Amino acid sequence: MLNEKDLKYIEEHVEFWDKLTDTEKQLCINNFTVVNYKKGVNLHGAGEECQGLILVRSGELRFYIMSEEGRDVTLFRISERENCILSASCILSNITFDVLIDAEQDSEILLLNVDTFEKLARENIYVETYIYKKSTDRFSEVMWAVEQILFMSFDKRLAVFLYDETVKTKSNIIKYTHEQIAKYVGSAREVVSRMLKSFESQGILKLSRGTIEIIDKDKLRAII
């Protein structure tokens with residue numbers, strides 16, 4: 001059962017909310033649920049049924065694909081106040097690959113089940129438009145991730161990641177392990193560690209256990 005805080009969050013973060021009829025709003029309210037996931041839990045795996053529309057209230061989720069050899073490639077991450085429809089990919093007829101989702105932190109989400117989301121998309125043009133807009137935005141991020149892996153040298157990829165993190169968190173302190181960073185940039189931990197040590201020797205950053213401190217942003221940007 002949703003409480004007043006849940007309802008307010010939905011109203012503020014479902015972009016098509018004011019385009020719904022009163023009946024459609026009530027349908028959403030009846031079919032939204034609050035779900036909590038611990039860090040490291042898989043929300044959605046290959047071959048599993050669609051979940052629906054995800055709204056992140058706290059925490060962070062990672063969306064990725066997995067090769068037959070077991071190598072995963074991070075497509076993008078979403079955090080507080082963001083949402084994603086790729087967990088409802090079954091209503092997007094042109095999506096032919098499995099998107100996996102992990103909780104990167106303890107996370108709380110509001111989930112609109114896929115049957116309700118699909119019904120709204122069929123009956124409300126604004127919801128349908130929202131789906132196509134969101135899918136376009138997310139696929140732009142996917143293509144950027146693929147472009148980086150295929151065409152960008154690793155030092156630039158790592159520099160882009162580190163710089164984007166400082167902008168995102170508004171802090172020069174990045175609290176990720178080398179293993180986590182390797183997942184995000186599509187490389188091996190050993191390669192990440194070597195490049196970080198190289199950046200450290202250049203006076204760009206300082207390494208400590210589980211923490212990276214950016215000490216010269218200008219030098220970091222110069223690599224990009």
# chains A, B, ... in the order shown; residues from 1 in each chain; ligands from 1
$ select_by_dssp --residues "stretch 51-89 of chain A" --states "strand (DSSP E or B)" --output "MDAnalysis selection string"
chainID A and resid 52:58 60:66 72:79 83:84
$ residues_around --residues "stretch 209-222 of chain A" --least-positions-apart "6" --cutoff "9 Å" --atoms "only C-alpha atoms" --output "VMD selection string"
chain A and resid 159 to 160 162 to 163 166 171 to 178 196 199 202 to 203
$ select_by_dssp --residues "stretch 161-206 of chain A" --states "alpha helix (DSSP H)" --output "count of residues only"
30
$ residues_around --residues "A:Arg189" --least-positions-apart "2" --cutoff "6 Å" --atoms "only C-alpha atoms" --output "mmCIF file with N, CA and C atoms, in the first residue's frame"
data_model
loop_
_atom_site.group_PDB
_atom_site.id
_atom_site.type_symbol
_atom_site.label_atom_id
_atom_site.label_comp_id
_atom_site.auth_asym_id
_atom_site.auth_seq_id
_atom_site.Cartn_x
_atom_site.Cartn_y
_atom_site.Cartn_z
ATOM 1 N N HIS A 178 38.729 -0.602 -7.714
ATOM 2 C CA HIS A 178 39.214 -0.773 -9.079
ATOM 3 C C HIS A 178 38.344 -1.791 -9.823
ATOM 4 N N GLU A 179 37.825 -2.778 -9.104
ATOM 5 C CA GLU A 179 36.950 -3.789 -9.707
ATOM 6 C C GLU A 179 35.659 -3.155 -10.198
ATOM 7 N N ALA A 182 36.319 -1.077 -13.288
ATOM 8 C CA ALA A 182 36.523 -1.949 -14.444
ATOM 9 C C ALA A 182 35.187 -2.355 -15.056
ATOM 10 N N VAL A 191 44.038 -3.760 -15.658
ATOM 11 C CA VAL A 191 44.267 -2.653 -16.591
ATOM 12 C C VAL A 191 43.903 -1.325 -15.933
ATOM 13 N N VAL A 192 42.784 -1.316 -15.212
ATOM 14 C CA VAL A 192 42.365 -0.111 -14.500
ATOM 15 C C VAL A 192 43.411 0.288 -13.467
#
$ atom_distance --atom1 "atom CA of A:Leu53" --atom2 "atom CA of A:Gly40"
20.5 Å
$ atom_distance --atom1 "atom CA of A:Asn42" --atom2 "atom CA of A:Asp6"
23.4 Å
$ closest_residue --among "A:Ala188, A:Ala121, A:Val127, A:Ile224" --to "A:Arg157" --atoms "only C-alpha atoms"
A:Ile224
$ residues_around --residues "stretch 66-68 of chain A" --least-positions-apart "3" --cutoff "10 Å" --atoms "only C-alpha atoms" --output "NGL selection string"
:A and (45-46 or 71-74 or 97-100)
$ write_last_selection --atoms "N, CA and C atoms" --output "short mmCIF file (atom, residue, chain, number, x, y, z; two decimals), in the first residue's frame"
data_model
loop_
_atom_site.label_atom_id
_atom_site.label_comp_id
_atom_site.auth_asym_id
_atom_site.auth_seq_id
_atom_site.Cartn_x
_atom_site.Cartn_y
_atom_site.Cartn_z
N GLY A 45 17.52 -10.49 -14.75
CA GLY A 45 18.53 -11.29 -15.43
C GLY A 45 18.12 -11.63 -16.84
N ALA A 46 19.05 -12.22 -17.57
CA ALA A 46 18.80 -12.60 -18.96
C ALA A 46 17.66 -13.60 -19.04
N ARG A 71 31.66 -11.85 -19.98
CA ARG A 71 32.12 -10.48 -19.80
C ARG A 71 30.92 -9.54 -19.87
N ASP A 72 30.82 -8.65 -18.89
CA ASP A 72 29.70 -7.71 -18.92
C ASP A 72 30.16 -6.32 -19.34
N VAL A 73 29.26 -5.60 -19.98
CA VAL A 73 29.53 -4.24 -20.45
C VAL A 73 28.46 -3.33 -19.88
N THR A 74 28.87 -2.36 -19.09
CA THR A 74 27.93 -1.41 -18.50
C THR A 74 27.39 -0.48 -19.58
N PHE A 97 17.79 -7.67 -27.35
CA PHE A 97 18.86 -8.15 -26.48
C PHE A 97 18.42 -8.04 -25.03
N ASP A 98 19.02 -8.88 -24.20
CA ASP A 98 18.69 -8.89 -22.78
C ASP A 98 19.47 -7.82 -22.03
N VAL A 99 18.76 -7.00 -21.29
CA VAL A 99 19.39 -6.01 -20.43
C VAL A 99 19.31 -6.52 -19.00
N LEU A 100 20.45 -6.58 -18.32
CA LEU A 100 20.51 -7.03 -16.94
C LEU A 100 20.62 -5.81 -16.02
#
